[in-house]
$ cat work10.cif   # mmCIF, C-alpha atoms and all ligand atoms
data_my_file
loop_
_atom_site.group_PDB
_atom_site.id
_atom_site.type_symbol
_atom_site.label_atom_id
_atom_site.label_comp_id
_atom_site.auth_asym_id
_atom_site.auth_seq_id
_atom_site.Cartn_x
_atom_site.Cartn_y
_atom_site.Cartn_z
ATOM 1 C CA MET A 1 -257.640 120.181 55.740
ATOM 2 C CA ARG A 2 -254.667 118.123 54.622
ATOM 3 C CA ILE A 3 -253.234 115.493 56.961
ATOM 4 C CA ALA A 4 -249.927 113.692 56.426
ATOM 5 C CA MET A 5 -249.280 110.163 57.677
ATOM 6 C CA ALA A 6 -246.032 108.213 57.946
ATOM 7 C CA SER A 7 -246.721 104.897 56.245
ATOM 8 C CA THR A 8 -244.840 101.610 55.868
ATOM 9 C CA GLY A 9 -246.107 101.156 52.300
ATOM 10 C CA ASN A 10 -248.102 102.592 49.437
ATOM 11 C CA SER A 11 -251.431 100.926 50.045
ATOM 12 C CA LEU A 12 -254.313 101.458 52.418
ATOM 13 C CA GLU A 13 -253.374 98.225 54.159
ATOM 14 C CA ALA A 14 -249.926 99.595 55.034
ATOM 15 C CA LYS A 15 -249.332 100.457 58.673
ATOM 16 C CA ILE A 16 -248.441 103.695 60.382
ATOM 17 C CA ASP A 17 -244.643 103.839 60.325
ATOM 18 C CA THR A 18 -242.839 104.043 63.647
ATOM 19 C CA SER A 19 -240.504 106.691 62.236
ATOM 20 C CA PHE A 20 -241.498 110.003 60.702
ATOM 21 C CA GLY A 21 -238.175 110.988 59.133
ATOM 22 C CA ARG A 22 -237.367 107.520 57.819
ATOM 23 C CA CYS A 23 -240.809 106.196 56.987
ATOM 24 C CA ALA A 24 -241.201 104.491 53.622
ATOM 25 C CA TRP A 25 -244.101 106.555 52.282
ATOM 26 C CA PHE A 26 -246.059 109.633 53.147
ATOM 27 C CA VAL A 27 -249.807 109.536 52.750
ATOM 28 C CA ILE A 28 -251.584 112.829 52.306
ATOM 29 C CA TYR A 29 -255.259 112.692 53.127
ATOM 30 C CA ASP A 30 -257.436 115.630 52.135
ATOM 31 C CA THR A 31 -260.501 115.860 54.373
ATOM 32 C CA SER A 32 -262.274 118.282 52.020
ATOM 33 C CA ASN A 33 -262.591 115.819 49.123
ATOM 34 C CA GLY A 34 -261.443 112.493 50.578
ATOM 35 C CA GLY A 35 -258.411 112.469 48.272
ATOM 36 C CA ILE A 36 -255.553 110.143 49.228
ATOM 37 C CA GLU A 37 -252.069 110.593 47.806
ATOM 38 C CA PHE A 38 -249.058 108.302 48.336
ATOM 39 C CA ILE A 39 -245.626 109.927 48.058
ATOM 40 C CA PRO A 40 -242.347 108.027 48.505
ATOM 41 C CA ASN A 41 -240.299 109.602 51.305
ATOM 42 C CA PRO A 42 -237.216 111.208 49.741
ATOM 43 C CA THR A 43 -235.482 111.377 53.135
ATOM 44 C CA LYS A 44 -235.860 107.666 53.887
ATOM 45 C CA GLY A 45 -232.195 106.787 53.304
ATOM 46 C CA VAL A 46 -230.685 110.042 54.533
ATOM 47 C CA GLU A 47 -227.875 109.592 57.073
ATOM 48 C CA ASP A 48 -228.464 112.617 59.307
ATOM 49 C CA HIS A 49 -231.329 114.942 60.074
ATOM 50 C CA ALA A 50 -233.880 112.762 58.305
ATOM 51 C CA GLY A 51 -236.591 114.245 60.483
ATOM 52 C CA GLN A 52 -235.733 117.842 59.663
ATOM 53 C CA SER A 53 -235.501 117.070 55.942
ATOM 54 C CA ALA A 54 -238.841 115.304 56.111
ATOM 55 C CA VAL A 55 -240.406 118.380 57.731
ATOM 56 C CA GLU A 56 -238.995 120.567 54.949
ATOM 57 C CA PHE A 57 -240.468 118.185 52.407
ATOM 58 C CA ILE A 58 -243.870 117.772 54.005
ATOM 59 C CA LYS A 59 -244.472 121.446 54.820
ATOM 60 C CA GLU A 60 -244.585 122.148 51.073
ATOM 61 C CA ARG A 61 -247.667 119.912 50.980
ATOM 62 C CA ASN A 62 -249.621 122.355 53.150
ATOM 63 C CA VAL A 63 -250.563 119.865 55.811
ATOM 64 C CA SER A 64 -251.868 120.958 59.196
ATOM 65 C CA LYS A 65 -251.444 117.625 61.010
ATOM 66 C CA ILE A 66 -248.932 114.777 60.852
ATOM 67 C CA ILE A 67 -249.683 111.291 62.137
ATOM 68 C CA SER A 68 -246.789 108.949 62.918
ATOM 69 C CA GLY A 69 -245.716 106.222 65.324
ATOM 70 C CA ASP A 70 -243.013 108.483 66.724
ATOM 71 C CA PHE A 71 -241.207 111.734 66.046
ATOM 72 C CA GLY A 72 -237.582 112.632 66.635
ATOM 73 C CA LEU A 73 -236.680 115.059 69.389
ATOM 74 C CA LYS A 74 -235.668 117.913 67.130
ATOM 75 C CA ILE A 75 -238.857 117.947 65.102
ATOM 76 C CA LYS A 76 -241.267 119.434 67.596
ATOM 77 C CA PRO A 77 -239.809 122.970 67.586
ATOM 78 C CA MET A 78 -239.927 122.993 63.778
ATOM 79 C CA LEU A 79 -243.525 121.808 63.655
ATOM 80 C CA ASP A 80 -244.555 124.140 66.476
ATOM 81 C CA SER A 81 -243.162 127.082 64.545
ATOM 82 C CA LEU A 82 -245.083 125.918 61.448
ATOM 83 C CA ASN A 83 -248.264 125.387 63.463
ATOM 84 C CA ILE A 84 -248.465 121.758 62.415
ATOM 85 C CA GLN A 85 -250.036 119.366 64.896
ATOM 86 C CA MET A 86 -248.275 116.092 65.755
ATOM 87 C CA ILE A 87 -250.320 112.985 66.478
ATOM 88 C CA VAL A 88 -248.494 109.943 67.823
ATOM 89 C CA VAL A 89 -250.521 106.762 67.494
ATOM 90 C CA ASN A 90 -249.961 104.331 70.311
ATOM 91 C CA ASP A 91 -250.961 101.254 68.329
ATOM 92 C CA ASN A 92 -248.434 100.248 65.673
ATOM 93 C CA THR A 93 -250.830 97.760 64.111
ATOM 94 C CA LEU A 94 -253.184 100.485 62.863
ATOM 95 C CA THR A 95 -253.395 100.636 59.075
ATOM 96 C CA ILE A 96 -253.740 103.760 56.953
ATOM 97 C CA HIS A 97 -257.270 102.565 56.194
ATOM 98 C CA HIS A 98 -258.097 102.484 59.950
ATOM 99 C CA ILE A 99 -256.716 105.953 60.491
ATOM 100 C CA ILE A 100 -258.679 107.427 57.598
ATOM 101 C CA GLN A 101 -261.853 105.782 58.915
ATOM 102 C CA LEU A 102 -261.188 107.380 62.319
ATOM 103 C CA LEU A 103 -260.582 110.772 60.728
ATOM 104 C CA LYS A 104 -263.762 110.496 58.644
ATOM 105 C CA LYS A 105 -265.787 109.644 61.735
ATOM 106 C CA GLU A 106 -264.183 112.499 63.613
ATOM 107 C CA GLU A 107 -265.016 114.925 60.797
ATOM 108 C CA SER A 108 -268.710 114.058 60.623
ATOM 109 C CA MET B 109 -222.778 136.099 55.180
ATOM 110 C CA ALA B 110 -225.749 136.956 57.326
ATOM 111 C CA ARG B 111 -226.273 134.718 60.289
ATOM 112 C CA ILE B 112 -229.488 132.738 60.267
ATOM 113 C CA LYS B 113 -231.624 133.739 63.191
ATOM 114 C CA ARG B 114 -232.936 130.662 64.917
ATOM 115 C CA PRO B 115 -236.502 130.823 66.162
ATOM 116 C CA ARG B 116 -236.630 131.069 69.949
ATOM 117 C CA LYS B 117 -238.747 128.925 72.122
ATOM 118 C CA ILE B 118 -241.492 130.494 74.159
ATOM 119 C CA LEU B 119 -243.214 128.294 76.702
ATOM 120 C CA ASN B 120 -246.236 130.471 77.212
ATOM 121 C CA PRO B 121 -247.371 133.362 75.080
ATOM 122 C CA PRO B 122 -248.317 136.424 77.143
ATOM 123 C CA SER B 123 -251.987 136.589 78.071
ATOM 124 C CA ILE B 124 -252.208 140.254 77.069
ATOM 125 C CA LYS B 125 -251.098 142.330 74.098
ATOM 126 C CA GLY B 126 -249.447 145.070 76.131
ATOM 127 C CA PHE B 127 -249.762 147.798 78.749
ATOM 128 C CA LYS B 128 -251.203 151.293 78.812
ATOM 129 C CA PRO B 129 -250.045 154.031 81.147
ATOM 130 C CA TYR B 130 -252.561 156.157 83.037
ATOM 131 C CA GLY B 131 -252.366 159.644 84.465
ATOM 132 C CA SER B 132 -252.968 163.214 83.361
ATOM 133 C CA ASP B 133 -251.525 163.279 79.857
ATOM 134 C CA ALA B 134 -251.025 159.533 79.486
ATOM 135 C CA ASP B 135 -253.063 159.284 76.299
ATOM 136 C CA LEU B 136 -250.999 161.938 74.577
ATOM 137 C CA ARG B 137 -247.715 160.426 75.560
ATOM 138 C CA SER B 138 -248.641 156.827 74.874
ATOM 139 C CA ALA B 139 -249.245 157.397 71.170
ATOM 140 C CA ASP B 140 -245.944 155.818 70.231
ATOM 141 C CA PRO B 141 -245.640 152.409 71.952
ATOM 142 C CA VAL B 142 -242.435 150.649 72.929
ATOM 143 C CA THR B 143 -242.393 147.198 71.326
ATOM 144 C CA VAL B 144 -241.219 144.379 73.560
ATOM 145 C CA LEU B 145 -240.547 141.276 71.469
ATOM 146 C CA PHE B 146 -241.974 137.904 72.558
ATOM 147 C CA GLU B 147 -238.501 136.588 73.256
ATOM 148 C CA GLU B 148 -237.792 139.605 75.477
ATOM 149 C CA TYR B 149 -241.021 139.007 77.369
ATOM 150 C CA GLU B 150 -240.038 135.361 77.790
ATOM 151 C CA ALA B 151 -236.539 136.238 79.018
ATOM 152 C CA LEU B 152 -238.022 138.491 81.668
ATOM 153 C CA ARG B 153 -240.637 135.920 82.628
ATOM 154 C CA LEU B 154 -238.108 133.113 83.053
ATOM 155 C CA SER B 155 -235.600 135.248 84.892
ATOM 156 C CA ASP B 156 -237.720 137.421 87.177
ATOM 157 C CA TYR B 157 -241.073 135.656 87.405
ATOM 158 C CA ASP B 158 -239.956 132.021 87.412
ATOM 159 C CA ARG B 159 -236.712 133.115 89.131
ATOM 160 C CA LEU B 160 -234.395 130.993 86.998
ATOM 161 C CA ASN B 161 -230.789 132.032 86.706
ATOM 162 C CA HIS B 162 -229.627 133.183 83.287
ATOM 163 C CA HIS B 163 -227.944 129.898 82.613
ATOM 164 C CA GLN B 164 -231.089 127.835 83.216
ATOM 165 C CA ALA B 165 -233.212 130.381 81.378
ATOM 166 C CA SER B 166 -230.946 130.300 78.318
ATOM 167 C CA ILE B 167 -231.387 126.513 78.165
ATOM 168 C CA MET B 168 -235.152 126.835 78.438
ATOM 169 C CA MET B 169 -235.148 129.225 75.490
ATOM 170 C CA GLY B 170 -232.637 127.212 73.499
ATOM 171 C CA VAL B 171 -230.188 130.097 73.112
ATOM 172 C CA SER B 172 -226.626 130.632 74.293
ATOM 173 C CA ARG B 173 -226.005 132.317 77.602
ATOM 174 C CA PRO B 174 -224.616 135.547 76.011
ATOM 175 C CA THR B 175 -227.601 135.679 73.669
ATOM 176 C CA PHE B 176 -229.946 135.289 76.604
ATOM 177 C CA THR B 177 -228.226 138.102 78.478
ATOM 178 C CA ARG B 178 -228.563 140.355 75.435
ATOM 179 C CA ILE B 179 -232.290 139.597 75.038
ATOM 180 C CA TYR B 180 -232.854 140.123 78.746
ATOM 181 C CA ALA B 181 -231.011 143.456 78.739
ATOM 182 C CA ALA B 182 -233.109 144.633 75.788
ATOM 183 C CA ALA B 183 -236.298 143.725 77.676
ATOM 184 C CA LEU B 184 -235.279 145.706 80.745
ATOM 185 C CA GLN B 185 -234.209 148.727 78.752
ATOM 186 C CA LYS B 186 -237.465 148.875 76.808
ATOM 187 C CA ILE B 187 -239.546 148.610 79.946
ATOM 188 C CA ALA B 188 -237.454 151.361 81.548
ATOM 189 C CA ILE B 189 -238.047 153.598 78.524
ATOM 190 C CA ALA B 190 -241.804 152.965 78.712
ATOM 191 C CA PHE B 191 -241.883 153.709 82.447
ATOM 192 C CA VAL B 192 -239.821 156.855 82.271
ATOM 193 C CA GLU B 193 -241.381 158.304 79.138
ATOM 194 C CA GLY B 194 -244.894 157.155 80.025
ATOM 195 C CA ARG B 195 -245.311 155.178 76.823
ATOM 196 C CA LYS B 196 -247.467 152.181 75.978
ATOM 197 C CA ILE B 197 -245.875 148.737 75.812
ATOM 198 C CA ALA B 198 -246.833 146.437 72.954
ATOM 199 C CA ILE B 199 -245.731 142.811 73.289
ATOM 200 C CA GLU B 200 -245.370 141.408 69.816
ATOM 201 C CA GLY B 201 -243.096 140.069 67.123
ATOM 202 C CA GLY B 202 -239.721 138.464 67.037
ATOM 203 C CA LYS B 203 -238.776 135.152 65.546
ATOM 204 C CA VAL B 204 -240.362 132.809 68.045
ATOM 205 C CA TYR B 205 -242.485 129.731 68.304
ATOM 206 C CA PHE B 206 -244.634 128.614 71.188
ATOM 207 C CA ASP B 207 -243.637 125.337 72.735
ATOM 208 C CA SER B 208 -246.913 123.432 72.579
ATOM 209 C CA GLU B 209 -248.138 121.062 75.255
ATOM 210 C CA TRP B 210 -248.738 117.364 74.854
ATOM 211 C CA HIS B 211 -252.036 115.636 75.483
ATOM 212 C CA HIS B 212 -252.995 111.999 75.755
ATOM 213 C CA CYS B 213 -256.255 110.491 74.542
ATOM 214 C CA ASN B 214 -257.567 107.931 77.016
ATOM 215 C CA ALA B 215 -259.922 106.488 74.416
ATOM 216 C CA CYS B 216 -257.625 105.604 71.495
ATOM 217 C CA GLY B 217 -254.324 105.959 73.321
ATOM 218 C CA CYS B 218 -252.750 108.476 70.952
ATOM 219 C CA TYR B 219 -250.602 111.416 71.990
ATOM 220 C CA PHE B 220 -250.920 114.801 70.350
ATOM 221 C CA ASN B 221 -249.802 118.361 70.788
ATOM 222 C CA GLN B 222 -251.886 121.464 70.310
ATOM 223 C CA PRO B 223 -249.954 124.201 68.490
ATOM 224 C CA ASP B 224 -252.995 126.483 68.518
ATOM 225 C CA LYS B 225 -252.953 128.050 71.977
ATOM 226 C CA ASN B 226 -256.480 129.369 71.512
ATOM 227 C CA ILE B 227 -257.906 125.880 71.912
ATOM 228 C CA ALA B 228 -258.049 125.299 75.649
ATOM 229 C CA ASN B 229 -259.684 121.875 75.840
ATOM 230 C CA PRO B 230 -258.841 120.029 72.653
ATOM 231 C CA LEU B 231 -260.670 116.911 71.531
ATOM 232 C CA CYS B 232 -258.703 113.935 70.278
ATOM 233 C CA PRO B 233 -257.736 114.770 66.674
ATOM 234 C CA LEU B 234 -257.896 111.091 65.788
ATOM 235 C CA CYS B 235 -261.021 109.655 67.413
ATOM 236 C CA GLY B 236 -262.791 112.804 68.605
ATOM 237 C CA SER B 237 -262.902 111.672 72.237
ATOM 238 C CA GLU B 238 -263.220 114.211 75.047
ATOM 239 C CA LYS B 239 -261.284 112.004 77.462
ATOM 240 C CA ILE B 240 -258.033 113.906 77.212
ATOM 241 C CA SER B 241 -255.380 114.216 79.868
ATOM 242 C CA ASP B 242 -252.354 116.463 79.878
ATOM 243 C CA TYR B 243 -249.115 114.754 79.238
ATOM 244 C CA GLU B 244 -245.657 115.792 80.188
ATOM 245 C CA PHE B 245 -242.474 114.407 78.808
ATOM 246 C CA SER B 246 -239.244 115.378 77.271
ATOM 247 C CA GLY B 247 -239.460 115.664 73.511
ATOM 248 C CA SER B 248 -240.616 112.301 72.296
ATOM 249 C CA PRO B 249 -243.562 110.315 73.665
ATOM 250 C CA GLN B 250 -241.556 107.097 73.710
ATOM 251 C CA TYR B 251 -239.350 108.631 76.407
ATOM 252 C CA SER B 252 -242.292 109.230 78.649
ATOM 253 C CA ARG B 253 -242.952 105.580 79.319
ATOM 254 C CA PHE B 254 -240.122 105.799 81.827
ATOM 255 C CA SER B 255 -241.386 108.433 84.165
ATOM 256 C CA ASP B 256 -238.643 107.884 86.696
ATOM 257 C CA GLY B 257 -234.999 107.149 86.031
ATOM 258 C CA LYS B 258 -232.040 109.368 85.426
ATOM 259 C CA CYS B 259 -230.993 112.385 83.426
ATOM 260 C CA LYS B 260 -227.577 112.135 81.852
ATOM 261 C CA CYS B 261 -225.203 114.784 80.538
ATOM 262 C CA PRO B 262 -224.311 113.906 76.930
ATOM 263 C CA GLU B 263 -221.072 115.867 77.291
ATOM 264 C CA CYS B 264 -219.490 114.511 80.443
ATOM 265 C CA GLU B 265 -221.750 111.528 81.287
ATOM 266 C CA TYR B 266 -222.732 112.971 84.664
ATOM 267 C CA GLU B 267 -225.979 111.408 85.910
ATOM 268 C CA GLN B 268 -228.582 112.567 88.369
ATOM 269 C CA ALA B 269 -232.061 111.400 89.405
ATOM 270 C CA HIS B 270 -234.803 112.555 87.059
ATOM 271 C CA GLN B 271 -237.316 114.950 88.563
ATOM 272 C CA PRO B 272 -240.789 113.962 87.362
ATOM 273 C CA GLY B 273 -242.484 116.686 85.400
ATOM 274 C CA LEU B 274 -239.262 118.505 84.608
ATOM 275 C CA PRO B 275 -237.905 117.813 81.136
ATOM 276 C CA CYS B 276 -234.336 116.485 81.282
ATOM 277 C CA LYS B 277 -233.259 118.917 78.581
ATOM 278 C CA ALA B 278 -234.357 121.820 80.786
ATOM 279 C CA GLN B 279 -231.760 120.734 83.345
ATOM 280 C CA ALA B 280 -228.212 121.991 83.166
ATOM 281 C CA CYS B 281 -225.397 119.594 84.012
ATOM 282 C CA PRO B 282 -223.968 120.667 87.396
ATOM 283 C CA GLN B 283 -220.477 119.772 86.176
ATOM 284 C CA CYS B 284 -220.255 121.320 82.725
ATOM 285 C CA GLY B 285 -223.505 123.176 82.152
ATOM 286 C CA HIS B 286 -224.605 121.190 79.107
ATOM 287 C CA ALA B 287 -228.342 120.440 78.716
ATOM 288 C CA MET B 288 -229.129 116.981 80.107
ATOM 289 C CA ILE B 289 -230.872 114.103 78.311
ATOM 290 C CA ARG B 290 -232.773 111.067 79.581
ATOM 291 C CA ALA B 291 -230.295 108.334 80.512
ATOM 292 C CA GLY B 292 -230.703 105.161 78.489
ATOM 293 C CA ALA B 293 -233.565 106.651 76.525
ATOM 294 C CA PRO B 294 -234.963 103.959 74.260
ATOM 295 C CA ARG B 295 -235.438 104.997 70.685
ATOM 296 C CA ARG B 296 -238.435 103.227 69.288
ATOM 297 C CA ASN B 297 -240.245 99.935 68.919
ATOM 298 C CA HIS B 298 -239.672 98.775 72.455
ATOM 299 C CA LYS B 299 -242.537 96.779 73.794
ATOM 300 C CA THR B 300 -242.878 98.232 77.281
ATOM 301 C CA LYS B 301 -246.500 98.645 78.220
ATOM 302 C CA GLN B 302 -247.582 101.890 79.692
ATOM 303 C CA ARG B 303 -249.370 101.963 83.057
HETATM 304 ZN ZN ZN C 401 -258.422 109.429 70.628
HETATM 305 ZN ZN ZN C 402 -221.822 117.575 81.983
#
$ encode --input "work10.cif" --output "structure tokens"
Amino acid sequence: MRIAMASTGNSLEAKIDTSFGRCAWFVIYDTSNGGIEFIPNPTKGVEDHAGQSAVEFIKERNVSKIISGDFGLKIKPMLDSLNIQMIVVNDNTLTIHHIIQLLKKEES
Amino acid sequence: MARIKRPRKILNPPSIKGFKPYGSDADLRSADPVTVLFEEYEALRLSDYDRLNHHQASIMMGVSRPTFTRIYAAALQKIAIAFVEGRKIAIEGGKVYFDSEWHHCNACGCYFNQPDKNIANPLCPLCGSEKISDYEFSGSPQYSRFSDGKCKCPECEYEQAHQPGLPCKAQACPQCGHAMIRAGAPRRNHKTKQR
């Protein structure tokens, strides 16, 4: 399973971004092989509809879950229709490393 | 140019796949089913089961009032055909999505939705905890931290008290009919503690 995360930076010590559409980087974590990929968010500087553009971008990556600090209002219908789960972390200090550790523990 | 058909929101998928008539030659006659689309099922459910008026129901489904009326009329006509001709009803298809519910993990504090309706009691997708409670809010979790307050009309600024458990956007403005939003909804990064 592939899981996307909104990240403030391109390292494991970066934090979960509080915005999905305007986050700095996307992290794609592949639970099947532990692969971690950092992709700069092309919609970061977009004026309008950053969230929708980000969904268009991320759905090409075949993810089934997205983890972020928050999601815009208009995103849920899009993700619902794509069957992608949204996970909103409540703790903005969590790093990408923490999240991946949680996901690994959850998998096993 | 062809108009893009927007997916329509369905709050609850039907619990069954359709209906079968019974009677003397029911099996013969029911060979060719009438197909009721999900959105037609939903229009009927909102209007005649939940007893919403067409205006409220159109907001719930995220379509215009005339579109709602058209979907609703199609639903009624199909059911009438099935009744009169003794045909099966299959409920399927249409460009729809199911509006998933939100859950809250009491262990790690995250919020998540569950797009797969077949999973009744989801575990936390982050920490695996079973301590999950249902969560109700309008659109974005950050809004939910203010469970009371006001709904506001973004068109004409009309305000009314928020009814807990009822999403603001499901409310129609009594003055102009526009879908309401949460008044003074904070965007993000505010430090208000929940509970
Ligand atoms: Zn949890
Ligand atoms: Zn109004």
$ atom_distance --input "work10.cif" --atom1 "CA of Ser7 (chain A)" --atom2 "CA of Phe26 (chain A)"
5.7 Å
$ axis_aligned_box --input "work10.cif" --around "region 164-177 of chain B" --padding-each-side "6 Å" --output "lines of an AutoDock Vina configuration file"
center_x = -229.9
center_y = 132.3
center_z = 78.2
size_x = 22.5
size_y = 23.6
size_z = 22.1
$ residues_near_ligand --input "work10.cif" --ligand "ligand ZN 401 (chain C)" --cutoff "12 Å" --atoms "all atoms listed in the file" --output "number ranges by chain"
A: 87-91, 99, 102-103, 105-106; B: 211-220, 230-241
$ resolve_selection --input "work10.cif" --expression "the PyMOL selection byres (((chain B and resi 188-204) around 6) and not hetatm)" --output "compact mmCIF listing (two decimals) with C-alpha atoms, keeping the file's coordinate frame"
# COMPACT_ATOMS: atom_id res chain seq x y z
CA PRO B 115 -236.50 130.82 66.16
CA ARG B 116 -236.63 131.07 69.95
CA LYS B 117 -238.75 128.93 72.12
CA LYS B 125 -251.10 142.33 74.10
CA GLY B 126 -249.45 145.07 76.13
CA PHE B 127 -249.76 147.80 78.75
CA LYS B 128 -251.20 151.29 78.81
CA ARG B 137 -247.72 160.43 75.56
CA SER B 138 -248.64 156.83 74.87
CA PRO B 141 -245.64 152.41 71.95
CA VAL B 142 -242.44 150.65 72.93
CA THR B 143 -242.39 147.20 71.33
CA VAL B 144 -241.22 144.38 73.56
CA LEU B 145 -240.55 141.28 71.47
CA PHE B 146 -241.97 137.90 72.56
CA GLN B 185 -234.21 148.73 78.75
CA LYS B 186 -237.46 148.88 76.81
CA ILE B 187 -239.55 148.61 79.95
CA TYR B 205 -242.48 129.73 68.30
$ residues_near_ligand --input "work10.cif" --ligand "ligand ZN 402 (chain C)" --cutoff "8 Å" --atoms "all atoms listed in the file" --output "PyMOL selection string"
chain B and resi 260-266+280-288
$ decode --input "work10.cif" --residues "region 60-84 of chain A" --atoms "C-alpha atoms" --output "PDB file, in the first residue's frame"
ATOM      1  CA  GLU A  60      -1.368   9.590 -10.112  1.00  0.00           C
ATOM      2  CA  ARG A  61       0.911   8.134  -7.430  1.00  0.00           C
ATOM      3  CA  ASN A  62      -1.627   5.414  -6.617  1.00  0.00           C
ATOM      4  CA  VAL A  63      -1.864   6.172  -2.938  1.00  0.00           C
ATOM      5  CA  SER A  64      -4.686   4.824  -0.800  1.00  0.00           C
ATOM      6  CA  LYS A  65      -4.169   7.097   2.224  1.00  0.00           C
ATOM      7  CA  ILE A  66      -3.054  10.696   2.725  1.00  0.00           C
ATOM      8  CA  ILE A  67      -1.718  12.002   6.023  1.00  0.00           C
ATOM      9  CA  SER A  68      -1.718  15.752   6.659  1.00  0.00           C
ATOM     10  CA  GLY A  69      -2.191  18.317   9.412  1.00  0.00           C
ATOM     11  CA  ASP A  70      -5.358  19.566   7.741  1.00  0.00           C
ATOM     12  CA  PHE A  71      -7.306  19.336   4.510  1.00  0.00           C
ATOM     13  CA  GLY A  72      -9.310  21.998   2.723  1.00  0.00           C
ATOM     14  CA  LEU A  73     -13.082  21.765   2.646  1.00  0.00           C
ATOM     15  CA  LYS A  74     -13.384  20.915  -1.022  1.00  0.00           C
ATOM     16  CA  ILE A  75     -10.983  17.998  -0.940  1.00  0.00           C
ATOM     17  CA  LYS A  76     -13.062  15.421   0.872  1.00  0.00           C
ATOM     18  CA  PRO A  77     -15.584  14.813  -1.940  1.00  0.00           C
ATOM     19  CA  MET A  78     -12.711  14.331  -4.394  1.00  0.00           C
ATOM     20  CA  LEU A  79     -10.893  11.887  -2.140  1.00  0.00           C
ATOM     21  CA  ASP A  80     -14.113  10.072  -1.248  1.00  0.00           C
ATOM     22  CA  SER A  81     -14.821   9.531  -4.926  1.00  0.00           C
ATOM     23  CA  LEU A  82     -11.260   8.209  -5.385  1.00  0.00           C
ATOM     24  CA  ASN A  83     -11.554   5.985  -2.314  1.00  0.00           C
ATOM     25  CA  ILE A  84      -8.538   7.604  -0.705  1.00  0.00           C
TER      26      ILE A  84
END
